[in-house]
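Q: Contents of entry-v3.txt (compact mmCIF, C-alpha atoms) are below:
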```
# COMPACT_ATOMS: atom_id res chain seq x y z
CA MET A 17 -5.51 17.19 30.22
CA ILE A 18 -3.65 13.90 30.61
CA ASN A 19 0.10 14.33 31.03
CA TRP A 20 1.84 11.41 29.33
CA GLY A 21 5.34 10.05 29.76
CA ILE A 22 7.02 7.61 27.40
CA VAL A 23 9.58 5.15 28.73
CA GLY A 24 11.79 3.72 25.97
CA LEU A 25 12.23 5.64 22.74
CA GLY A 26 12.54 3.15 19.90
CA TYR A 27 10.59 3.00 16.63
CA ILE A 28 7.29 1.98 18.20
CA ALA A 29 7.49 4.90 20.67
CA GLY A 30 7.81 7.31 17.76
CA ARG A 31 4.67 5.93 16.12
CA PHE A 32 2.85 6.21 19.44
CA ALA A 33 3.99 9.80 20.00
CA GLU A 34 2.84 10.82 16.53
CA SER A 35 -0.62 9.36 17.16
CA LEU A 36 -0.77 10.90 20.65
CA SER A 37 -0.33 14.36 19.12
CA HIS A 38 -3.81 13.98 17.59
CA GLU A 39 -5.51 13.16 20.93
CA PRO A 40 -6.92 16.52 22.14
CA ARG A 41 -7.07 15.56 25.81
CA SER A 42 -3.45 14.45 25.96
CA LYS A 43 -0.03 16.08 26.20
CA LEU A 44 3.39 14.51 25.85
CA ALA A 45 4.85 15.84 29.08
CA ALA A 46 8.06 13.81 29.34
CA VAL A 47 10.19 11.14 27.71
CA SER A 48 13.05 9.07 29.09
CA SER A 49 15.96 7.13 27.69
CA ARG A 50 19.29 5.86 28.98
CA SER A 51 20.82 8.34 26.52
CA ARG A 52 20.13 12.07 27.06
CA GLU A 53 21.07 12.74 23.46
CA LYS A 54 18.48 10.26 22.21
CA ALA A 55 15.83 11.62 24.58
CA GLU A 56 16.48 15.21 23.51
CA ALA A 57 16.25 14.32 19.81
CA PHE A 58 12.96 12.46 20.42
CA ALA A 59 11.56 15.34 22.47
CA GLN A 60 12.43 17.85 19.79
CA LYS A 61 10.81 15.75 17.08
CA PHE A 62 7.57 15.04 18.94
CA GLY A 63 7.24 18.09 21.19
CA ALA A 64 7.85 16.57 24.62
CA GLU A 65 8.13 19.15 27.38
CA LYS A 66 10.68 17.35 29.58
CA VAL A 67 13.61 15.04 28.94
CA TYR A 68 14.98 12.53 31.41
CA ALA A 69 18.23 10.60 31.03
CA GLY A 70 17.04 7.68 33.15
CA HIS A 71 13.60 6.13 33.49
CA ASP A 72 13.47 6.43 37.29
CA LEU A 73 13.43 10.21 37.00
CA LEU A 74 10.35 10.12 34.80
CA LEU A 75 8.55 7.78 37.21
CA ALA A 76 9.30 10.20 40.03
CA ASP A 77 7.73 13.14 38.17
CA GLU A 78 4.53 13.88 40.09
CA LYS A 79 2.98 15.70 37.12
CA ILE A 80 2.87 12.56 34.96
CA ASP A 81 -0.55 10.89 34.89
CA ALA A 82 0.05 8.01 32.48
CA VAL A 83 3.09 6.17 31.15
CA TYR A 84 3.42 4.34 27.85
CA ILE A 85 5.98 1.55 28.24
CA ALA A 86 7.81 0.91 24.97
CA LEU A 87 10.82 -0.95 26.35
CA PRO A 88 11.99 -4.42 25.21
CA HIS A 89 9.77 -7.29 26.34
CA SER A 90 11.94 -8.40 29.25
CA LEU A 91 11.59 -5.01 30.95
CA HIS A 92 7.78 -4.72 30.76
CA ARG A 93 6.96 -6.43 34.03
CA ASP A 94 9.52 -4.52 36.10
CA PHE A 95 8.58 -1.07 34.81
CA ALA A 96 4.84 -1.78 34.82
CA VAL A 97 4.98 -2.70 38.52
CA ARG A 98 7.21 0.25 39.40
CA THR A 99 5.04 2.69 37.46
CA LEU A 100 1.83 1.47 39.07
CA LYS A 101 3.40 1.73 42.52
CA ALA A 102 4.49 5.26 41.62
CA GLY A 103 0.80 6.11 41.29
CA LYS A 104 0.58 6.34 37.51
CA ALA A 105 -1.61 4.60 34.94
CA VAL A 106 0.16 2.25 32.53
CA LEU A 107 -0.37 1.55 28.85
CA CYS A 108 2.11 -1.24 28.13
CA GLU A 109 3.19 -2.30 24.68
CA LYS A 110 2.44 -5.89 23.79
CA PRO A 111 3.25 -8.49 24.96
CA ALA A 112 2.58 -7.17 28.43
CA THR A 113 4.84 -9.82 29.94
CA LEU A 114 7.13 -12.74 29.12
CA ASN A 115 4.94 -15.28 30.91
CA LEU A 116 1.78 -15.90 32.87
CA ALA A 117 3.34 -15.43 36.32
CA GLU A 118 4.49 -11.91 35.43
CA MET A 119 1.05 -10.95 34.14
CA LEU A 120 -0.62 -12.28 37.27
CA GLU A 121 1.75 -10.12 39.34
CA ILE A 122 0.96 -6.98 37.34
CA ALA A 123 -2.77 -7.61 37.70
CA GLU A 124 -2.38 -8.03 41.45
CA VAL A 125 -0.43 -4.79 41.77
CA ALA A 126 -2.82 -2.84 39.53
CA ARG A 127 -5.79 -3.96 41.60
CA ALA A 128 -4.03 -3.26 44.90
CA GLU A 129 -2.92 0.22 43.78
CA LYS A 130 -6.29 0.90 42.10
CA LYS A 131 -4.47 2.15 39.01
CA LEU A 132 -5.33 1.57 35.36
CA PHE A 133 -3.19 -0.95 33.51
CA MET A 134 -3.90 -1.93 29.91
CA GLU A 135 -1.97 -3.99 27.40
CA ALA A 136 -1.69 -2.10 24.12
CA MET A 137 -3.67 -4.51 21.94
CA LYS A 138 -4.40 -2.19 19.00
CA PRO A 139 -6.71 -4.45 16.93
CA ARG A 140 -9.44 -4.34 19.58
CA PHE A 141 -9.72 -0.56 19.25
CA VAL A 142 -9.86 0.00 15.48
CA PRO A 143 -13.21 0.89 13.82
CA LEU A 144 -13.53 -2.53 12.16
CA TYR A 145 -13.54 -4.48 15.41
CA PRO A 146 -17.08 -3.61 16.59
CA LYS A 147 -18.32 -4.34 13.07
CA ILE A 148 -16.85 -7.83 13.38
CA LYS A 149 -18.63 -8.30 16.71
CA SER A 150 -21.91 -7.17 15.15
CA ALA A 151 -21.49 -9.63 12.28
CA LEU A 152 -21.21 -12.63 14.58
CA ALA A 153 -24.99 -13.03 14.62
CA GLU A 154 -24.89 -13.86 10.91
CA ILE A 155 -22.40 -16.74 11.20
CA GLY A 156 -23.84 -18.28 14.35
CA GLU A 157 -22.02 -19.87 17.25
CA ILE A 158 -18.27 -19.89 16.71
CA GLN A 159 -16.75 -23.37 16.44
CA ARG A 160 -13.19 -22.56 15.37
CA VAL A 161 -10.93 -19.52 15.06
CA GLU A 162 -7.84 -19.60 12.85
CA THR A 163 -5.17 -16.93 13.22
CA SER A 164 -1.97 -16.49 11.25
CA LEU A 165 0.59 -13.70 11.47
CA CYS A 166 3.74 -14.69 9.65
CA ASN A 167 6.47 -12.24 8.64
CA LEU A 168 9.78 -12.72 6.87
CA MET A 169 12.21 -10.73 9.00
CA GLU A 170 15.95 -10.16 8.85
CA LEU A 171 16.97 -10.33 12.48
CA THR A 172 20.35 -8.63 12.35
CA GLY A 173 22.15 -6.40 14.82
CA LYS A 174 21.21 -5.84 18.45
CA THR A 175 17.49 -6.56 18.47
CA TYR A 176 15.59 -8.17 21.32
CA HIS A 177 13.58 -10.16 18.75
CA SER A 178 16.45 -12.63 18.46
CA GLN A 179 17.46 -12.77 22.12
CA PRO A 180 16.60 -15.96 24.05
CA GLY A 181 14.12 -15.30 26.81
CA GLN A 182 12.48 -12.21 25.35
CA GLY A 183 12.63 -12.88 21.61
CA GLY A 184 10.84 -15.18 19.22
CA ALA A 185 7.77 -15.02 17.03
CA LEU A 186 5.35 -16.26 19.69
CA LEU A 187 5.91 -13.29 22.00
CA ASP A 188 6.30 -10.65 19.32
CA VAL A 189 3.52 -11.48 16.84
CA GLY A 190 1.84 -14.55 18.30
CA ILE A 191 0.40 -12.30 21.01
CA TYR A 192 -1.86 -10.72 18.38
CA CYS A 193 -3.14 -14.17 17.43
CA ALA A 194 -3.67 -14.98 21.10
CA SER A 195 -5.80 -11.86 21.52
CA TRP A 196 -8.21 -12.97 18.80
CA LEU A 197 -8.44 -16.47 20.24
CA GLU A 198 -9.00 -15.13 23.74
CA ASP A 199 -11.72 -12.71 22.74
CA PHE A 200 -13.72 -15.12 20.60
CA LEU A 201 -13.02 -18.48 22.28
CA GLY A 202 -12.19 -17.68 25.90
CA GLU A 203 -9.71 -19.52 28.10
CA VAL A 204 -7.39 -22.13 26.62
CA THR A 205 -7.77 -25.62 28.06
CA GLY A 206 -5.10 -27.61 26.23
CA VAL A 207 -3.13 -28.42 23.08
CA ASN A 208 -4.35 -30.73 20.32
CA LYS A 209 -1.11 -30.58 18.31
CA ILE A 210 1.78 -28.22 17.79
CA SER A 211 4.87 -27.81 15.65
CA ALA A 212 7.65 -25.26 15.96
CA LYS A 213 10.93 -24.30 14.31
CA ILE A 214 13.43 -23.33 17.00
CA SER A 215 17.06 -22.28 16.63
CA GLY A 216 19.36 -20.88 19.29
CA GLY A 217 16.52 -20.70 21.79
CA ILE A 218 14.36 -18.60 19.43
CA ASP A 219 11.06 -19.79 17.97
CA TYR A 220 11.04 -18.72 14.31
CA TYR A 221 7.79 -20.52 13.49
CA VAL A 222 4.94 -21.84 15.60
CA ASN A 223 1.79 -23.64 14.45
CA ALA A 224 -0.43 -24.61 17.36
CA ASP A 225 -3.88 -26.20 17.34
CA LEU A 226 -5.33 -25.34 20.75
CA ASN A 227 -8.39 -26.50 22.66
CA PHE A 228 -10.81 -23.98 24.18
CA GLY A 229 -13.28 -26.12 26.06
CA GLY A 230 -14.30 -28.17 23.02
CA ARG A 231 -13.82 -25.42 20.48
CA ALA A 232 -10.64 -25.11 18.44
CA GLY A 233 -8.20 -22.30 17.91
CA LYS A 234 -5.24 -22.16 15.55
CA LEU A 235 -2.28 -19.93 16.36
CA GLU A 236 0.33 -19.62 13.61
CA CYS A 237 3.15 -17.09 13.73
CA ALA A 238 6.58 -16.69 12.18
CA PHE A 239 9.69 -14.63 11.61
CA ASP A 240 10.91 -16.79 8.72
CA ARG A 241 8.10 -16.83 6.14
CA LYS A 242 5.32 -14.84 4.55
CA LYS A 243 1.70 -15.99 4.55
CA PRO A 244 -1.69 -14.25 4.45
CA ARG A 245 -2.07 -12.47 7.79
CA GLN A 246 -5.64 -13.34 8.69
CA ALA A 247 -8.11 -14.17 11.41
CA ILE A 248 -10.89 -16.51 10.28
CA LEU A 249 -13.93 -16.94 12.52
CA HIS A 250 -15.85 -20.12 11.67
CA GLY A 251 -19.47 -20.20 12.83
CA VAL A 252 -22.13 -22.85 12.36
CA ARG A 253 -23.65 -20.85 9.47
CA GLY A 254 -20.65 -19.24 7.84
CA LYS A 255 -17.35 -17.49 8.40
CA ILE A 256 -15.77 -14.06 8.73
CA VAL A 257 -12.34 -13.49 7.22
CA VAL A 258 -10.36 -10.55 8.62
CA GLU A 259 -7.32 -9.33 6.69
CA GLU A 260 -4.16 -8.07 8.43
CA LEU A 261 -5.31 -9.22 11.86
CA HIS A 262 -2.80 -7.01 13.70
CA ARG A 263 -4.01 -3.86 11.89
CA PRO A 264 -7.45 -4.81 10.56
CA GLN A 265 -9.45 -2.60 8.24
CA VAL A 266 -11.08 -5.16 5.91
CA MET A 267 -13.32 -8.16 6.51
CA THR A 268 -15.25 -10.52 4.25
CA LEU A 269 -18.58 -12.06 5.18
CA GLY A 270 -19.92 -14.41 2.53
CA ASP A 271 -19.64 -12.57 -0.79
CA LYS A 272 -19.52 -9.13 0.83
CA THR A 273 -16.44 -7.15 1.79
CA PHE A 274 -16.55 -4.45 4.45
CA THR A 275 -13.95 -1.75 5.01
CA ALA A 276 -13.51 0.45 8.07
CA PRO A 277 -10.54 2.85 7.83
CA TYR A 278 -8.63 3.98 10.89
CA VAL A 279 -9.34 7.20 12.72
CA VAL A 280 -5.89 8.84 12.42
CA ASP A 281 -3.94 5.54 12.55
CA ASP A 282 -3.88 2.10 14.17
CA PHE A 283 -2.67 3.53 17.52
CA PHE A 284 -5.28 6.22 17.97
CA GLY A 285 -8.20 4.03 19.03
CA GLU A 286 -6.36 2.45 21.96
CA ILE A 287 -5.01 5.83 23.08
CA SER A 288 -8.46 7.43 22.93
CA HIS A 289 -10.02 4.52 24.84
CA PHE A 290 -7.31 4.66 27.50
CA VAL A 291 -7.94 8.37 28.01
CA ASP A 292 -11.69 7.68 28.21
CA CYS A 293 -10.98 5.20 31.02
CA LEU A 294 -8.80 7.69 32.88
CA GLU A 295 -11.34 10.49 32.61
CA ALA A 296 -14.07 8.16 33.86
CA GLY A 297 -11.96 7.11 36.83
CA LYS A 298 -11.81 3.48 35.71
CA THR A 299 -9.08 1.18 36.97
CA GLU A 300 -9.60 -1.35 34.19
CA SER A 301 -10.59 -1.32 30.54
CA GLU A 302 -13.74 -3.22 29.68
CA ILE A 303 -12.32 -4.04 26.23
CA MET A 304 -8.79 -5.20 27.11
CA THR A 305 -9.30 -6.31 30.68
CA LEU A 306 -6.67 -7.59 33.08
CA ASN A 307 -8.18 -11.06 32.74
CA ALA A 308 -7.92 -10.79 28.95
CA SER A 309 -4.19 -10.14 29.26
CA ILE A 310 -3.90 -13.01 31.74
CA ASN A 311 -5.68 -15.35 29.31
CA CYS A 312 -3.49 -14.19 26.41
CA ALA A 313 -0.38 -14.90 28.47
CA LYS A 314 -1.79 -18.32 29.30
CA ILE A 315 -2.36 -19.10 25.60
CA LEU A 316 1.26 -18.28 24.76
CA GLU A 317 2.55 -20.22 27.75
CA THR A 318 0.41 -23.25 26.90
CA ALA A 319 1.86 -23.29 23.40
CA ARG A 320 5.44 -22.72 24.58
CA ASN A 321 5.21 -25.49 27.20
CA ASN A 322 4.31 -27.97 24.46
CA PHE A 323 7.07 -27.22 21.95
```
Take the structure in this file and express it as structure tokens.
A:
Amino acid sequence: MINWGIVGLGYIAGRFAESLSHEPRSKLAAVSSRSREKAEAFAQKFGAEKVYAGHDLLLADEKIDAVYIALPHSLHRDFAVRTLKAGKAVLCEKPATLNLAEMLEIAEVARAEKKLFMEAMKPRFVPLYPKIKSALAEIGEIQRVETSLCNLMELTGKTYHSQPGQGGALLDVGIYCASWLEDFLGEVTGVNKISAKISGGIDYYVNADLNFGGRAGKLECAFDRKKPRQAILHGVRGKIVVEELHRPQVMTLGDKTFTAPYVVDDFFGEISHFVDCLEAGKTESEIMTLNASINCAKILETARNNF
């Protein structure tokens, strides 16, 4: 049985905890928040055994095997490193880090400590994803990948989404686009062209045409507009269109549409895979590797450096 701890108890942590309750090899052993009242309410709702008013106390709990980090973006690097050094596996909500240097540091620590670290990139673990991989043979060598994840959001109140340094569309939703580009095109090598709408240090819209060693990748993301949320894989003989790229269940290949519903929900696949890795004694996922997270961070940084 894997004893889980959750650090940070916002909305996304609640969705994770609900999914975790369906994983038979896992138990929600502890949760932590700066507020004991908030932690106790969360624990009561989701059945956590222990409550900590302070994240350091959870990290010091020797019975915790794995920690899900659901804190704001700017805190991911610090708590990932501290958790790994505390001898626990880490499943970190996306984006794993604010920049490439932070991701390189996490990878170095994870390898030195021989502990599992994985960025929580849900699309790679849903049932549709292997079907997409299998369909690549029909479209031939990929020449271009287009990704778009644009949402119209009201950024009001105290939300990290609108805070300079850790906010913006590129970090919050562009990371999903980067994951598709990384997996199907590899390492970014440059920028062909880019446009961005920036206000108060926050990128509300980004449209980047990136170079991947002669192949092209489009990364479009936004907080200020709605558009079809798709990944389109262009091969030499055809294309695959994936709907809702951050939570994919439907793809079109030619005149055929294929559907692959979730098992439980969009979180369950990544949780199950992470537990598989732990039970097998792995220190790295073969699906969302440390290098994959490094390359994703590099894609975002390449775009950001060319605003």
Q: Go through A:Ile158, A:Leu152, A:Leu132, A:Val23 and flag the residue nearest Gly202 in chain A, using only C-alpha atoms for the distances.
A: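 Among the listed residues, the smallest separation from Gly202 in chain A belongs to A:Ile158.
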Q: Find the distance between CA of Pro139 in chain A and CA of Gly103 in chain A and write it in Å to one decimal.
A: 27.6 Å
Q: Quick one: residues within 12 Å of Glu129 in chain A, all atoms listed in the file, excluding same-chain residues fewer than 3 positions away - as an MDAnalysis selection string?
A: chainID A and resid 97:106 122:126 132:133 299:300
Q: A:Ser301, A:Ser90, A:Asn208, A:Ser51: which is nearest His177 in chain A, counting only C-alpha atoms?
A: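 Under the stated criterion, the closest residue is A:Ser90.
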Q: Counting all atoms listed in the file, what is within 12 Å of range 280-289 of chain A, bar same-chain residues fewer than 2 positions away, as a ChimeraX atom specification?
A: /A:18,20,28-43,82-84,106-109,132,134-146,260-265,276-278,291-296,298,300-304
Q: Which residue is closest to Arg50 in chain A? Choose from A:Ala64, A:Ala185, A:Ala194, A:Leu74 and count all atoms listed in the file.
A: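 For Arg50 in chain A, the nearest of the given residues is A:Leu74.
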Q: With only C-alpha atoms as the counted atoms, please give the residues lying no more than 7 Å from Glu259 in chain A, apart from itself and same-chain residues fewer than 6 positions off, as a PDB file with C-alpha atoms, in the frame of the given file.
A:
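Contents of around28.pdb, as written:
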```pdb
ATOM      1  CA  ARG A 245      -2.070 -12.470   7.790  1.00  0.00           C
ATOM      2  CA  GLN A 246      -5.640 -13.340   8.690  1.00  0.00           C
ATOM      3  CA  ALA A 247      -8.110 -14.170  11.410  1.00  0.00           C
ATOM      4  CA  VAL A 266     -11.080  -5.160   5.910  1.00  0.00           C
ATOM      5  CA  MET A 267     -13.320  -8.160   6.510  1.00  0.00           C
TER       6      MET A 267
END
```
Q: Set the distance at 12 Å and use only C-alpha atoms: which residues neighbour Leu165 in chain A once local chain neighbours fewer than 6 positions away are removed? I'd like the list as a ChimeraX atom specification.
A: /A:185-194,196,220-223,234-248,258-263
Q: Record the distance separating CA of Leu168 in chain A and CA of Phe274 in chain A, expressed in Å with one decimal.
A: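 Between CA of Leu168 in chain A and CA of Phe274 in chain A the gap works out to 27.7 Å.
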Q: So what do you get for CA of Glu157 in chain A versus CA of Val252 in chain A, distance-wise?
A: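 Interatomic distance here is 5.7 Å.
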Q: Considering all atoms listed in the file, can you say which of A:Ser164, A:Asn307, A:Ser49, A:Gln182 comes closest to Thr113 in chain A?
A: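 Looking only at the distances to Thr113 in chain A, the closest residue turns out to be A:Gln182.
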Q: Using all atoms listed in the file, find the one residue out of A:Glu162, A:Ala151, A:Arg231, A:Ile218 that sits nearest to Lys272 in chain A.
A: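 Among the listed residues, A:Ala151 lies closest to Lys272 in chain A.
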Q: Would you please work out which residue, of A:Ala55, A:Ala319, A:Cys312, A:Ala212, is nearest to Lys110 in chain A when using only C-alpha atoms?
A: A:Cys312
Q: Excluding Val204 in chain A and residues on its chain fewer than 5 positions from it, collect all residues at most 8 Å away from it, counting all atoms listed in the file, and give them as a ChimeraX atom specification.
A: /A:198,226-229,311,314-315,318
Q: If I wrap all listed atoms of range 129-137 of chain A in a box with edges along x, y and z and add 8 Å on each side, what are its centre and edge lengths in Å to one decimal, as lines of an AutoDock Vina configuration file?
A:
```
center_x = -4.0
center_y = -1.2
center_z = 32.9
size_x = 20.6
size_y = 22.7
size_z = 37.8
```
Q: Would you mind completing range 69-95 of chain A to N, CA, C and O atoms and writing the output as a compact mmCIF listing (two decimals), keeping the file's coordinate frame?
A:
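Dumped to result18.txt:
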```
# COMPACT_ATOMS: atom_id res chain seq x y z
N ALA A 69 17.22 11.60 31.34
CA ALA A 69 18.23 10.60 31.03
C ALA A 69 18.20 9.57 32.17
O ALA A 69 18.97 9.63 33.11
N GLY A 70 17.28 8.66 32.09
CA GLY A 70 17.04 7.68 33.15
C GLY A 70 15.56 7.56 33.42
O GLY A 70 14.88 8.56 33.67
N HIS A 71 15.05 6.35 33.36
CA HIS A 71 13.60 6.13 33.49
C HIS A 71 13.09 6.41 34.90
O HIS A 71 11.94 6.83 35.08
N ASP A 72 13.91 6.19 35.91
CA ASP A 72 13.47 6.43 37.29
C ASP A 72 13.07 7.88 37.52
O ASP A 72 12.15 8.17 38.29
N LEU A 73 13.74 8.79 36.84
CA LEU A 73 13.43 10.21 37.00
C LEU A 73 12.05 10.53 36.45
O LEU A 73 11.30 11.33 37.03
N LEU A 74 11.70 9.90 35.35
CA LEU A 74 10.35 10.12 34.80
C LEU A 74 9.30 9.57 35.75
O LEU A 74 8.26 10.21 35.99
N LEU A 75 9.54 8.38 36.30
CA LEU A 75 8.55 7.78 37.21
C LEU A 75 8.37 8.61 38.47
O LEU A 75 7.30 8.57 39.08
N ALA A 76 9.38 9.36 38.82
CA ALA A 76 9.30 10.20 40.03
C ALA A 76 8.63 11.54 39.78
O ALA A 76 8.35 12.27 40.73
N ASP A 77 8.35 11.86 38.52
CA ASP A 77 7.73 13.14 38.17
C ASP A 77 6.25 13.11 38.57
O ASP A 77 5.45 12.38 37.98
N GLU A 78 5.89 13.91 39.55
CA GLU A 78 4.53 13.88 40.09
C GLU A 78 3.49 14.43 39.12
O GLU A 78 2.29 14.22 39.31
N LYS A 79 3.92 15.12 38.08
CA LYS A 79 2.98 15.70 37.12
C LYS A 79 2.56 14.71 36.03
O LYS A 79 1.65 15.01 35.27
N ILE A 80 3.20 13.56 35.97
CA ILE A 80 2.87 12.56 34.96
C ILE A 80 1.67 11.73 35.42
O ILE A 80 1.67 11.17 36.52
N ASP A 81 0.66 11.66 34.58
CA ASP A 81 -0.55 10.89 34.89
C ASP A 81 -0.50 9.47 34.36
O ASP A 81 -1.00 8.54 34.99
N ALA A 82 0.06 9.31 33.16
CA ALA A 82 0.05 8.01 32.48
C ALA A 82 1.39 7.79 31.80
O ALA A 82 2.00 8.74 31.29
N VAL A 83 1.81 6.53 31.76
CA VAL A 83 3.09 6.17 31.15
C VAL A 83 2.85 5.10 30.09
O VAL A 83 2.19 4.09 30.35
N TYR A 84 3.41 5.35 28.92
CA TYR A 84 3.42 4.34 27.85
C TYR A 84 4.78 3.64 27.91
O TYR A 84 5.82 4.28 27.78
N ILE A 85 4.76 2.33 28.13
CA ILE A 85 5.98 1.55 28.24
C ILE A 85 6.30 0.93 26.89
O ILE A 85 5.56 0.08 26.39
N ALA A 86 7.41 1.37 26.30
CA ALA A 86 7.81 0.91 24.97
C ALA A 86 9.20 0.28 25.02
O ALA A 86 9.95 0.34 24.05
N LEU A 87 9.53 -0.31 26.14
CA LEU A 87 10.82 -0.95 26.35
C LEU A 87 10.81 -2.37 25.77
O LEU A 87 9.74 -2.90 25.44
N PRO A 88 11.97 -3.01 25.62
CA PRO A 88 11.99 -4.42 25.21
C PRO A 88 11.16 -5.30 26.14
O PRO A 88 10.95 -4.97 27.32
N HIS A 89 10.72 -6.42 25.63
CA HIS A 89 9.77 -7.29 26.34
C HIS A 89 10.21 -7.64 27.76
O HIS A 89 9.39 -7.67 28.68
N SER A 90 11.48 -7.92 27.94
CA SER A 90 11.94 -8.40 29.25
C SER A 90 11.84 -7.35 30.34
O SER A 90 11.92 -7.67 31.53
N LEU A 91 11.66 -6.09 29.98
CA LEU A 91 11.59 -5.01 30.95
C LEU A 91 10.15 -4.59 31.28
O LEU A 91 9.94 -3.75 32.16
N HIS A 92 9.17 -5.15 30.58
CA HIS A 92 7.78 -4.72 30.76
C HIS A 92 7.29 -4.93 32.19
O HIS A 92 6.72 -4.03 32.80
N ARG A 93 7.49 -6.11 32.70
CA ARG A 93 6.96 -6.43 34.03
C ARG A 93 7.54 -5.49 35.08
O ARG A 93 6.82 -4.91 35.90
N ASP A 94 8.86 -5.33 35.09
CA ASP A 94 9.52 -4.52 36.10
C ASP A 94 9.01 -3.08 36.07
O ASP A 94 8.63 -2.51 37.11
N PHE A 95 8.97 -2.48 34.88
CA PHE A 95 8.58 -1.07 34.81
C PHE A 95 7.07 -0.89 34.96
O PHE A 95 6.63 0.16 35.45
```
